[in-house]
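For reference, the structure discussed in these notes is given below.
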Amino acid sequence: MIAAALMRPLPGRAITIGEEEELSAEMLRIIFKKLPVVDDPYVTAYVNRVGKRILAVMPEQPFRYRFYVINQDMYNAFATPAGHIFIYSGLIEAMDGEDELAGILGHEIAHVYCRHISQKIELAKKVGWAQLAGMAAGVLLGVAGGSGAAANAMVMGSAAGGATAQLSFSRDNEMQADQLGLKYLNDAGYGTEGLLRVLKKIRSKQWFSKEQVPLT
């Protein structure tokens with residue numbers, strides 16, 4: 001019963017689809033300003049092809065997903081609201097096969113599909129959109145191994161300091177993303193062991209805690 005519940009998107013309140021897209025646009029402006037996003041069409045086309053193969057086996061989505069590569073030697077990936085998914089070039093270079101790329105993309109797609117970020121943001125809607133976008137981008141950049149100074153600058157001085165912690169994913173969020181991600185990978189014809197391998201590589205760089213690596 002617990003496993004079945006984790007496979008379903010949580011019914012909790014979230015910002016609307018329109019609000020999610022508005023917030024995402026502001027977050028993208030910040031991310032593209034702070035991070036070196038790759039503009040090589042071959043690289044981005046490959047990552048998008050893998051992502052779209054996973055999306056093809058999923059229920060209809062309210063967003064048009066897009067996938068980006070950040071040119072930094074870091075082992076991680078993250079998603080913004082409204083289906084924008086970023087992966088670091090360092091992690092791609094450390095991969096041993098396409099199933100590992102599919103694994104981490106499937107995990108991040110699951111976060112978006114379950115609207116985990118949007119549910120967290122609903123809790124902090126009392127702050128302004130621009131401020132909230134900066135705060136959320138700061139959390140994502142910090143979690144994703146971005147510049148600590150850059151990430152902290154986006155949340156420092158905020159009237160929503162207490163809400164910042166609310167934007168971080170819970171253990172249940174991560175478990176649900178793992179479970180759904182594994183299902184999507186299997187349905188798309190990818191080996192599910194790729195997700196485990198890539199999360200272990202991320203863990204080796206201390207971006208994930210031991211408890212966040214799936215056991216199956």
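Following the order of the structure tokens, first chain is A, next is B, and so on, with residues numbered from 1 inside each chain and ligands from 1 in the order they appear.
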Could you write out, as JSON, numbers by chain, all the residues of region 19-68 of chain A that DSSP marks as alpha helix (DSSP H)? {"A": [19, 20, 21, 22, 23, 24, 25, 26, 27, 28, 29, 30, 31, 32, 33, 34, 41, 42, 43, 44, 45, 46, 47, 48, 49, 50, 51, 52, 53, 54, 55]}
Go through region 11-104 of chain A and flag each residue having an atom no more than 10 Å from region 177-191 of chain A; for those, report the closest pair of atoms plus their distance in Å to one decimal, using only C-alpha atoms, ordered by chain and rising number, as JSON lines.
{"residue": "A:Val50", "atom": "CA", "partner": "A:Ala188", "partner_atom": "CA", "distance": 9.7}
{"residue": "A:Lys52", "atom": "CA", "partner": "A:Ala188", "partner_atom": "CA", "distance": 9.8}
{"residue": "A:Arg53", "atom": "CA", "partner": "A:Ala188", "partner_atom": "CA", "distance": 6.4}
{"residue": "A:Ile54", "atom": "CA", "partner": "A:Ala188", "partner_atom": "CA", "distance": 5.5}
{"residue": "A:Leu55", "atom": "CA", "partner": "A:Tyr184", "partner_atom": "CA", "distance": 8.0}
{"residue": "A:Ala56", "atom": "CA", "partner": "A:Ala188", "partner_atom": "CA", "distance": 7.7}
{"residue": "A:Val57", "atom": "CA", "partner": "A:Ala188", "partner_atom": "CA", "distance": 6.1}
{"residue": "A:Met58", "atom": "CA", "partner": "A:Tyr184", "partner_atom": "CA", "distance": 6.9}
{"residue": "A:Glu98", "atom": "CA", "partner": "A:Tyr190", "partner_atom": "CA", "distance": 8.4}
{"residue": "A:Asp99", "atom": "CA", "partner": "A:Tyr190", "partner_atom": "CA", "distance": 5.7}
{"residue": "A:Glu100", "atom": "CA", "partner": "A:Gly191", "partner_atom": "CA", "distance": 8.6}
{"residue": "A:Ala102", "atom": "CA", "partner": "A:Leu185", "partner_atom": "CA", "distance": 7.0}
{"residue": "A:Gly103", "atom": "CA", "partner": "A:Leu185", "partner_atom": "CA", "distance": 6.8}
{"residue": "A:Ile104", "atom": "CA", "partner": "A:Gly181", "partner_atom": "CA", "distance": 8.2}
Expressed in Å to a single decimal, how great is the separation between CA of Gln176 (chain A) and CA of Ile117 (chain A)?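 Atom-to-atom, CA of Gln176 (chain A) to CA of Ile117 (chain A), that is 13.1 Å.
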All residues 8 Å or closer to Leu105 (chain A), only C-alpha atoms, same chain fewer than 4 positions away omitted, as a VMD selection string: chain A and resid 51 85 101 109
For Phe32 (chain A), which residue among A:His84, A:Arg49, A:Arg64, A:Lys205 is the nearest when counting only C-alpha atoms?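 With only C-alpha atoms as the atom set, the closest residue is A:His84.
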Taking into account only C-alpha atoms, which residue in the set A:Arg203, A:Arg171, A:Leu28, A:Asp96 is nearest to Arg66 (chain A)?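 Once distances to Arg66 (chain A) are computed over only C-alpha atoms, the minimum belongs to A:Leu28.
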Go through region 32-114 of chain A and collect every residue that DSSP, computed from the backbone, puts in strand (DSSP E); the answer should be as a ChimeraX atom specification. /A:66-70,77-80,84-88
For a quick check of understanding, using only C-alpha atoms, which of A:Ile17, A:Met27, A:Ile87, A:Ala110 has the smallest distance to Val47 (chain A)? A:Ile87
Please determine, counting only C-alpha atoms, which residue among A:Ala82, A:Leu196, A:Leu35, A:Cys114 has the shortest atom-to-atom distance to Gly18 (chain A).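 Between A:Ala82, A:Leu196, A:Leu35, A:Cys114, the residue approaching Gly18 (chain A) most closely is A:Ala82.
Between CA of Gln61 (chain A) and CA of Pro81 (chain A) there is a distance of 12.7 Å.
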Find, counting only C-alpha atoms, the residue in A:Pro36, A:Pro41, A:Pro62, A:Gly106 that gets nearest to Ser89 (chain A). A:Pro36
CA of Glu60 (chain A) to CA of Tyr113 (chain A) measures 9.9 Å
